[in-house]
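Shown here: final.txt, compact mmCIF, C-alpha atoms and all ligand atoms.
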```txt
# COMPACT_ATOMS: atom_id res chain seq x y z
CA THR A 1 39.31 37.72 2.16
CA ASP A 2 36.94 40.02 4.00
CA LEU A 3 34.34 37.79 5.64
CA PRO A 4 32.20 40.64 7.09
CA ALA A 5 31.96 42.22 3.62
CA LEU A 6 30.87 38.88 2.15
CA LEU A 7 28.21 38.48 4.87
CA ARG A 8 26.91 41.98 4.24
CA THR A 9 26.79 41.96 0.45
CA MET A 10 25.86 38.39 -0.50
CA PRO A 11 22.28 38.12 -1.82
CA LYS A 12 20.03 36.40 0.68
CA ALA A 13 16.44 35.61 1.60
CA GLU A 14 14.82 36.31 4.97
CA LEU A 15 12.22 33.73 6.00
CA HIS A 16 11.53 34.46 9.66
CA VAL A 17 10.66 38.05 10.45
CA HIS A 18 7.50 39.19 12.23
CA ILE A 19 6.52 42.45 10.59
CA GLU A 20 5.15 43.73 13.92
CA GLY A 21 8.61 43.02 15.34
CA THR A 22 10.17 45.54 12.94
CA LEU A 23 8.32 48.42 14.56
CA GLU A 24 11.08 50.70 15.87
CA PRO A 25 10.36 52.83 18.97
CA GLU A 26 10.56 56.00 16.86
CA LEU A 27 7.83 54.72 14.55
CA ILE A 28 5.75 53.47 17.49
CA PHE A 29 5.67 57.00 18.90
CA ALA A 30 5.08 58.59 15.50
CA LEU A 31 2.09 56.29 14.85
CA ALA A 32 0.77 56.81 18.40
CA GLU A 33 0.78 60.55 17.78
CA ARG A 34 -0.80 60.20 14.33
CA ASN A 35 -3.57 58.02 15.79
CA GLY A 36 -4.09 59.94 19.03
CA ILE A 37 -2.99 57.03 21.22
CA THR A 38 -1.28 57.57 24.58
CA LEU A 39 1.41 55.03 25.46
CA LYS A 40 2.37 54.13 29.01
CA TYR A 41 6.03 54.88 28.20
CA ASP A 42 7.34 58.43 28.45
CA GLY A 43 9.25 58.39 25.21
CA VAL A 44 11.53 56.49 22.85
CA GLU A 45 14.30 56.10 25.44
CA ALA A 46 11.94 54.85 28.17
CA LEU A 47 10.44 52.32 25.77
CA ARG A 48 13.82 51.08 24.58
CA ALA A 49 14.92 50.77 28.21
CA ALA A 50 12.06 48.30 28.76
CA TYR A 51 13.60 45.94 26.16
CA ALA A 52 15.35 43.80 28.76
CA PHE A 53 13.85 40.36 28.30
CA THR A 54 14.14 37.34 30.56
CA ASP A 55 12.21 34.92 28.37
CA LEU A 56 9.76 34.72 25.45
CA GLN A 57 6.73 35.89 27.44
CA SER A 58 8.46 39.01 28.79
CA PHE A 59 9.15 39.96 25.17
CA LEU A 60 5.66 39.14 23.89
CA ASP A 61 4.03 41.44 26.47
CA ILE A 62 5.98 44.44 25.13
CA TYR A 63 5.68 43.35 21.50
CA TYR A 64 1.87 43.28 21.70
CA ALA A 65 1.85 46.66 23.49
CA GLY A 66 3.97 48.15 20.68
CA ALA A 67 1.62 46.78 18.00
CA SER A 68 -1.32 48.60 19.63
CA VAL A 69 -0.47 51.79 17.69
CA LEU A 70 -1.35 50.11 14.36
CA LEU A 71 -4.86 51.10 13.30
CA LYS A 72 -5.00 52.24 9.66
CA GLU A 73 -4.01 50.65 6.38
CA GLU A 74 -1.34 53.35 6.06
CA ASP A 75 0.19 52.31 9.42
CA PHE A 76 0.74 48.75 8.19
CA PHE A 77 2.08 50.06 4.90
CA ASP A 78 4.56 52.44 6.59
CA MET A 79 5.76 49.72 8.98
CA ALA A 80 6.44 47.28 6.17
CA MET A 81 8.13 49.88 3.96
CA ALA A 82 10.51 50.75 6.80
CA TYR A 83 11.43 47.05 6.93
CA PHE A 84 11.97 46.81 3.17
CA ARG A 85 14.33 49.80 3.22
CA ARG A 86 16.43 47.97 5.84
CA ALA A 87 16.15 44.74 3.86
CA ALA A 88 17.48 46.45 0.74
CA ASP A 89 20.48 47.73 2.75
CA ASP A 90 21.14 44.15 3.86
CA HIS A 91 21.07 42.76 0.28
CA ILE A 92 17.91 40.77 0.93
CA VAL A 93 16.32 39.90 -2.41
CA HIS A 94 13.36 37.90 -1.07
CA ALA A 95 11.47 38.18 2.23
CA GLU A 96 8.63 36.08 3.63
CA LEU A 97 6.92 38.16 6.33
CA PHE A 98 4.93 36.85 9.25
CA PHE A 99 1.97 38.88 10.41
CA ASP A 100 -0.28 38.34 13.46
CA PRO A 101 -3.84 39.29 12.47
CA GLN A 102 -5.33 38.35 15.86
CA THR A 103 -3.20 41.03 17.55
CA HIS A 104 -5.11 43.56 15.46
CA THR A 105 -8.58 42.08 15.04
CA ALA A 106 -8.80 41.72 18.84
CA ARG A 107 -8.53 45.55 18.97
CA GLY A 108 -11.26 46.02 16.40
CA VAL A 109 -8.99 46.46 13.36
CA ASP A 110 -10.44 44.73 10.30
CA ILE A 111 -8.21 42.00 8.87
CA GLY A 112 -8.64 43.59 5.43
CA VAL A 113 -6.98 46.79 6.70
CA VAL A 114 -3.99 44.73 7.85
CA ILE A 115 -3.64 42.66 4.69
CA ARG A 116 -4.23 45.49 2.22
CA GLY A 117 -1.63 47.72 3.92
CA LEU A 118 1.00 44.98 3.97
CA SER A 119 0.20 43.77 0.47
CA ARG A 120 0.55 47.27 -0.98
CA ALA A 121 3.98 47.52 0.69
CA LEU A 122 5.00 44.25 -0.99
CA ASP A 123 4.05 45.66 -4.39
CA THR A 124 5.93 48.90 -3.70
CA ALA A 125 9.03 47.06 -2.44
CA ARG A 126 9.17 45.03 -5.63
CA GLN A 127 9.00 48.21 -7.70
CA ASP A 128 11.31 50.39 -5.60
CA PHE A 129 13.88 47.86 -4.38
CA GLY A 130 13.46 44.79 -6.59
CA ILE A 131 12.70 42.72 -3.48
CA SER A 132 10.10 39.97 -3.81
CA GLY A 133 7.94 39.61 -0.74
CA ALA A 134 5.29 37.22 0.50
CA LEU A 135 3.02 37.11 3.54
CA ILE A 136 2.55 34.25 6.01
CA LEU A 137 -0.41 34.54 8.38
CA CYS A 138 0.45 33.40 11.91
CA PHE A 139 -2.04 32.05 14.40
CA LEU A 140 -1.41 33.03 18.02
CA ARG A 141 -1.00 29.75 19.86
CA HIS A 142 -2.01 31.16 23.26
CA LEU A 143 -5.50 31.72 21.80
CA SER A 144 -8.00 28.96 21.11
CA GLU A 145 -8.41 26.65 18.14
CA GLU A 146 -11.82 28.26 17.64
CA ASP A 147 -10.25 31.72 17.42
CA ALA A 148 -7.74 30.42 14.85
CA PHE A 149 -10.57 28.96 12.71
CA ALA A 150 -12.45 32.27 12.91
CA THR A 151 -9.30 34.14 11.83
CA LEU A 152 -8.80 31.81 8.87
CA GLU A 153 -12.41 32.44 7.85
CA GLN A 154 -11.89 36.23 8.01
CA ALA A 155 -8.70 35.92 5.96
CA LEU A 156 -10.08 33.77 3.14
CA PRO A 157 -11.46 36.70 1.09
CA TYR A 158 -7.78 37.75 0.89
CA ARG A 159 -6.50 34.28 0.05
CA GLN A 160 -4.44 35.49 -2.92
CA HIS A 161 -2.49 37.89 -0.67
CA PHE A 162 -0.81 35.28 1.54
CA ILE A 163 1.11 32.13 0.70
CA GLY A 164 0.92 30.23 3.95
CA VAL A 165 0.22 30.04 7.65
CA GLY A 166 2.43 29.79 10.72
CA LEU A 167 2.12 29.45 14.46
CA ASP A 168 3.69 31.83 16.96
CA SER A 169 3.40 33.38 20.46
CA SER A 170 3.76 31.49 23.78
CA GLU A 171 5.10 28.05 22.99
CA GLN A 172 5.22 26.25 26.34
CA GLY A 173 1.84 24.73 27.19
CA ASN A 174 0.50 25.40 23.68
CA PRO A 175 1.73 22.33 21.77
CA PRO A 176 1.33 21.78 18.02
CA GLU A 177 -1.54 19.30 18.52
CA LYS A 178 -3.79 22.16 19.67
CA PHE A 179 -3.83 23.37 16.03
CA ALA A 180 -3.81 20.06 14.14
CA ARG A 181 -7.33 20.56 12.73
CA VAL A 182 -6.76 24.18 11.68
CA PHE A 183 -3.54 23.22 9.92
CA ALA A 184 -5.29 20.29 8.21
CA ARG A 185 -7.83 22.76 6.82
CA CYS A 186 -5.07 25.13 5.67
CA ARG A 187 -3.33 22.21 3.98
CA GLU A 188 -6.54 21.43 2.05
CA LEU A 189 -6.60 25.06 0.96
CA GLY A 190 -3.13 24.65 -0.56
CA LEU A 191 -1.42 26.98 1.87
CA HIS A 192 2.22 26.56 2.82
CA LEU A 193 2.65 25.47 6.44
CA VAL A 194 5.29 26.48 8.98
CA ALA A 195 5.34 26.65 12.78
CA HIS A 196 7.50 27.97 15.58
CA ALA A 197 8.76 24.94 17.48
CA GLY A 198 11.69 24.11 19.71
CA GLU A 199 12.47 27.71 20.65
CA GLU A 200 11.59 27.47 24.35
CA GLY A 201 9.58 24.29 23.95
CA PRO A 202 11.18 20.84 23.76
CA ALA A 203 12.45 18.89 20.75
CA SER A 204 9.23 16.83 20.89
CA TYR A 205 7.32 19.95 19.74
CA VAL A 206 9.48 19.96 16.59
CA ARG A 207 8.64 16.32 15.95
CA ASP A 208 4.92 17.00 16.57
CA ALA A 209 4.95 20.04 14.26
CA LEU A 210 6.20 17.70 11.51
CA ASP A 211 3.95 14.73 12.29
CA LEU A 212 0.73 16.43 13.43
CA LEU A 213 0.80 19.75 11.53
CA HIS A 214 2.79 18.57 8.46
CA VAL A 215 4.81 21.79 8.34
CA GLU A 216 7.39 22.32 5.61
CA ARG A 217 9.77 24.42 7.74
CA ILE A 218 10.45 24.77 11.45
CA ASP A 219 10.82 28.28 12.87
CA HIS A 220 13.68 28.32 15.41
CA GLY A 221 13.95 24.57 16.05
CA VAL A 222 17.22 25.00 17.93
CA ARG A 223 16.17 22.58 20.68
CA SER A 224 16.27 19.79 18.05
CA ILE A 225 19.92 19.45 19.06
CA ASP A 226 18.70 17.51 22.14
CA ASP A 227 17.28 14.65 20.03
CA ALA A 228 19.68 12.65 17.84
CA ASP A 229 16.93 10.81 15.91
CA LEU A 230 15.17 14.07 15.14
CA MET A 231 18.45 15.63 13.98
CA HIS A 232 18.97 12.73 11.57
CA ARG A 233 15.43 13.12 10.24
CA LEU A 234 15.77 16.90 9.74
CA ALA A 235 19.08 16.41 7.93
CA THR A 236 18.00 13.62 5.58
CA LYS A 237 14.67 15.30 4.73
CA ARG A 238 16.33 18.73 4.44
CA VAL A 239 13.60 20.25 6.64
CA PRO A 240 14.68 23.89 6.95
CA LEU A 241 15.18 25.55 10.33
CA THR A 242 14.76 29.34 10.36
CA VAL A 243 17.19 30.15 13.16
CA CYS A 244 17.29 33.62 14.78
CA PRO A 245 20.54 34.01 16.72
CA LEU A 246 20.09 37.46 18.28
CA SER A 247 16.52 36.55 19.27
CA ASN A 248 17.81 33.41 20.99
CA GLN A 249 20.40 35.48 22.82
CA LYS A 250 17.99 38.24 23.93
CA LEU A 251 15.30 35.75 25.06
CA GLN A 252 17.91 33.77 27.03
CA VAL A 253 17.64 30.62 24.90
CA TYR A 254 21.42 30.99 24.42
CA PRO A 255 22.39 33.92 26.69
CA ASP A 256 25.92 33.76 25.27
CA LEU A 257 26.03 33.61 21.46
CA ARG A 258 29.27 31.63 21.71
CA ASP A 259 27.16 28.73 23.01
CA HIS A 260 24.70 28.87 20.10
CA SER A 261 24.04 25.55 18.33
CA LEU A 262 23.95 27.02 14.81
CA ALA A 263 27.39 25.77 13.72
CA LYS A 264 26.62 22.27 15.05
CA LEU A 265 23.26 22.18 13.26
CA LEU A 266 24.97 23.20 10.01
CA ALA A 267 27.74 20.64 10.49
CA ALA A 268 25.08 17.94 11.02
CA GLY A 269 23.78 18.69 7.51
CA LEU A 270 20.59 20.53 8.43
CA CYS A 271 19.19 23.19 6.11
CA VAL A 272 19.84 26.03 8.56
CA THR A 273 19.05 29.65 7.73
CA ILE A 274 19.79 32.88 9.65
CA ASN A 275 16.95 35.33 10.28
CA SER A 276 16.15 38.38 12.42
CA ASP A 277 12.76 37.42 14.03
CA ASP A 278 11.88 40.78 15.66
CA PRO A 279 14.78 43.04 14.70
CA ALA A 280 13.47 46.23 16.35
CA TYR A 281 13.44 44.40 19.69
CA PHE A 282 16.46 42.08 19.49
CA GLY A 283 19.25 44.45 18.52
CA GLY A 284 19.54 44.17 14.79
CA TYR A 285 18.40 43.30 11.31
CA LEU A 286 19.58 40.41 9.18
CA ASN A 287 23.16 41.46 8.48
CA THR A 288 23.69 42.26 12.16
CA ASN A 289 22.57 38.69 12.93
CA PHE A 290 25.05 37.28 10.38
CA LEU A 291 27.92 39.42 11.67
CA ALA A 292 27.29 38.69 15.35
CA THR A 293 26.92 34.95 14.72
CA PHE A 294 30.12 34.66 12.68
CA GLU A 295 31.99 36.68 15.27
CA ALA A 296 30.75 34.51 18.14
CA LEU A 297 31.38 31.22 16.31
CA PRO A 298 34.87 31.43 14.74
CA GLU A 299 34.53 27.97 13.13
CA LEU A 300 32.13 29.61 10.65
CA ARG A 301 34.00 30.64 7.49
CA ALA A 302 33.21 31.87 3.97
CA ASN A 303 31.95 28.45 2.84
CA HIS A 304 29.40 28.54 5.65
CA ALA A 305 28.30 32.00 4.57
CA TRP A 306 27.59 30.73 1.06
CA GLN A 307 25.86 27.65 2.46
CA LEU A 308 23.56 29.79 4.64
CA ALA A 309 22.67 32.05 1.70
CA ALA A 310 22.00 29.03 -0.54
CA ASN A 311 19.91 27.45 2.22
CA SER A 312 17.78 30.60 2.47
CA PHE A 313 16.80 30.24 -1.19
CA GLU A 314 16.38 26.47 -1.00
CA ALA A 315 14.06 26.90 2.02
CA SER A 316 12.02 29.72 0.48
CA PHE A 317 8.56 29.27 -1.02
CA VAL A 318 9.39 30.93 -4.34
CA ASP A 319 8.59 29.03 -7.52
CA ALA A 320 11.11 26.45 -8.70
CA ALA A 321 12.33 28.51 -11.67
CA THR A 322 13.18 31.53 -9.50
CA ARG A 323 14.87 29.34 -6.91
CA THR A 324 17.07 27.74 -9.56
CA ARG A 325 18.05 31.17 -10.84
CA TRP A 326 19.05 32.30 -7.35
CA LEU A 327 20.93 29.11 -6.53
N1 LIG B 401 8.46 33.31 19.17
C1 LIG B 401 7.14 33.20 19.34
N2 LIG B 401 6.30 34.15 19.01
C2 LIG B 401 6.77 35.27 18.46
C3 LIG B 401 8.12 35.45 18.26
C4 LIG B 401 9.00 34.40 18.62
O1 LIG B 401 10.23 34.46 18.47
N3 LIG B 401 8.26 36.67 17.71
C5 LIG B 401 7.03 37.20 17.57
N4 LIG B 401 6.12 36.36 18.03
ZN ZN B 402 9.51 34.22 15.45
```
Kindly transcribe the structure held in the file into C-alpha cells.
Ligand code: HPA
Ligand code: ZN
Amino acid sequence: TDLPALLRTMPKAELHVHIEGTLEPELIFALAERNGITLKYDGVEALRAAYAFTDLQSFLDIYYAGASVLLKEEDFFDMAMAYFRRAADDHIVHAELFFDPQTHTARGVDIGVVIRGLSRALDTARQDFGISGALILCFLRHLSEEDAFATLEQALPYRQHFIGVGLDSSEQGNPPEKFARVFARCRELGLHLVAHAGEEGPASYVRDALDLLHVERIDHGVRSIDDADLMHRLATKRVPLTVCPLSNQKLQVYPDLRDHSLAKLLAAGLCVTINSDDPAYFGGYLNTNFLATFEALPELRANHAWQLAANSFEASFVDAATRTRWL
C-alpha cells in the first residue's frame, strides 16, 4: 500500500492553525503594497531568509511583524481564502481557525473588520470547497488579564461568529492561572475553551490549563510526556492534544523530528491530532506535516494514519451528528 497517498488523500480536520500564520511572504508584500505599508525587509527572499527561529519568541516577533500588513476586511478575507485553497488540496473537510484580535486592535484595526473578513471567507469556503470552518478567538497571554477582558467585550457583538476562545503567544512566565477569570467568563457564555500549553512551558501548565481554565483540548501539549500521572489522565479522559510537528521542529522543541514524542503519545492512548500551526512560517501545510512525521517516525503505519484522522474528527467542535457521519 502507498502510505504517502493515504496520508494525502484521507479526509481530515485541522484544529490548530493560526490564520495569521498562513500569511505567505508573497501575500505579505502584496498586502503591504495594496495598503501603502513599507516593510523593513527588502523583498520576499529577504523576509523568508529571516525565518530561522531559535525558540517561540524569535518566531513570534516575525509573526507579529508580518501581520502588520492586515488592515482592511478584504485583507483578512484574502488571507483566509488562500488558506482554504491549500486546505482543499490537503483534503481537509473541517478547519477550526485561531485568530489573534489583539494583534490587530492594538494597531487601530476594529475587531469587526477582522471578524467580518474571516467570517465571510468561512462562508465562501463552504460554498466553493465544501469545507466547514469555525473561528476560535485567541487571547495573547503576554498581555494583561484586563486587556483580555476588554477584547472579549469588543468581540461579544460578534458572538455568533466564533465558537470558542484559546490562549496563545509567549508561554513561559505567562501561566494559565493568569487567565482563569477570563476563561470562567467565557465558560459562562457557552464558548468552547482551548489553550496552548506544554509547548515550551512545563507539563504543569497542561495540568493547570485543565484544572484552572477547564479547557476541552490542549494545543501542543507535547511536554505532557514528562508527567506519567498527567499522561494517564489525558488518555483516560480522551483530552485531545493538537500537536504540530513541523512547528515543534522549527521552534527547537524537537530539533530532530525523529525524536518527536507523537508516536509515544499515540501509543499511550492519547487523542493526538496532527496540525500545521503557522504553515507559512514552519515549512508546510497539513499534508506536509503528516508526510514529514510519518517519514521521521517509521513505527507509524496506515493504522496510525486512520487513527489520527479519526482523532481529528473526535476532537473537533462540530455537532454530534456531523461527527458521527465523519467517523
Ligand atoms: N505558540 C504560541 N503562540 C503562537 C503560536 C504557537 O505555536 N503560533 C502563533 N502564536
Ligand atoms: Zn499554535
Can you list every residue of chain A that has an atom at most 8 Å from ligand ZN 402 (chain B), with its nearest atom pair and the distance in Å to one decimal, using only C-alpha atoms and all ligand atoms, ordered by chain then number, as a tab-separated table?
```
residue	atom	partner	partner_atom	distance
A:His16	CA	B:ZN402	ZN	6.1
A:Val17	CA	B:ZN402	ZN	6.4
A:His18	CA	B:ZN402	ZN	6.3
A:Asp168	CA	B:ZN402	ZN	6.5
A:Ser169	CA	B:ZN402	ZN	7.9
A:His196	CA	B:ZN402	ZN	6.6
A:Asp219	CA	B:ZN402	ZN	6.6
A:His220	CA	B:ZN402	ZN	7.2
A:Cys244	CA	B:ZN402	ZN	7.8
A:Asp277	CA	B:ZN402	ZN	4.8
A:Asp278	CA	B:ZN402	ZN	7.0
```
Contacts of stretch 23-36 of chain A at 8 Å (all atoms listed in the file; same-chain gap of 3+ positions) as a ChimeraX atom specification: /A:19-20,39,43-44,47-48,66-67,69-71,75,79,280-281
Non-local contacts of A:Thr124 (12 Å; all atoms listed in the file; under 5 positions in same chain excluded) as a VMD selection string: chain A and resid 77 to 78 80 to 82 84 to 85 117 to 119 129 to 133
d(atom CA of A:Ala203, atom CA of A:Asn289) in Å: 23.6 Å
Separation of atom CA of A:Gly190 from atom CA of A:Phe162 in Å: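 We find that atom CA of A:Phe162 and atom CA of A:Gly190 lie 11.1 Å from each other.
A straight line drawn from atom CA of A:Leu140 to atom CA of A:Val114 is 15.7 Å long.
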Pick from A:Ala292, A:Val222, A:Leu56, A:Leu156, whichever lies nearest to ligand LIG 401 (chain B) using only C-alpha atoms and all ligand atoms: A:Leu56
Spatial neighbours of A:Ala180, 8 Å, only C-alpha atoms, chain gap at least 4 places, as a list of chain:residue names: A:Pro176, A:Ala184, A:Leu212, A:Leu213
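When all atoms listed in the file are used to compute distances to A:Glu188, the closest of the residues A:Arg207, A:Arg107, A:Lys40, A:His214 turns out to be A:His214.
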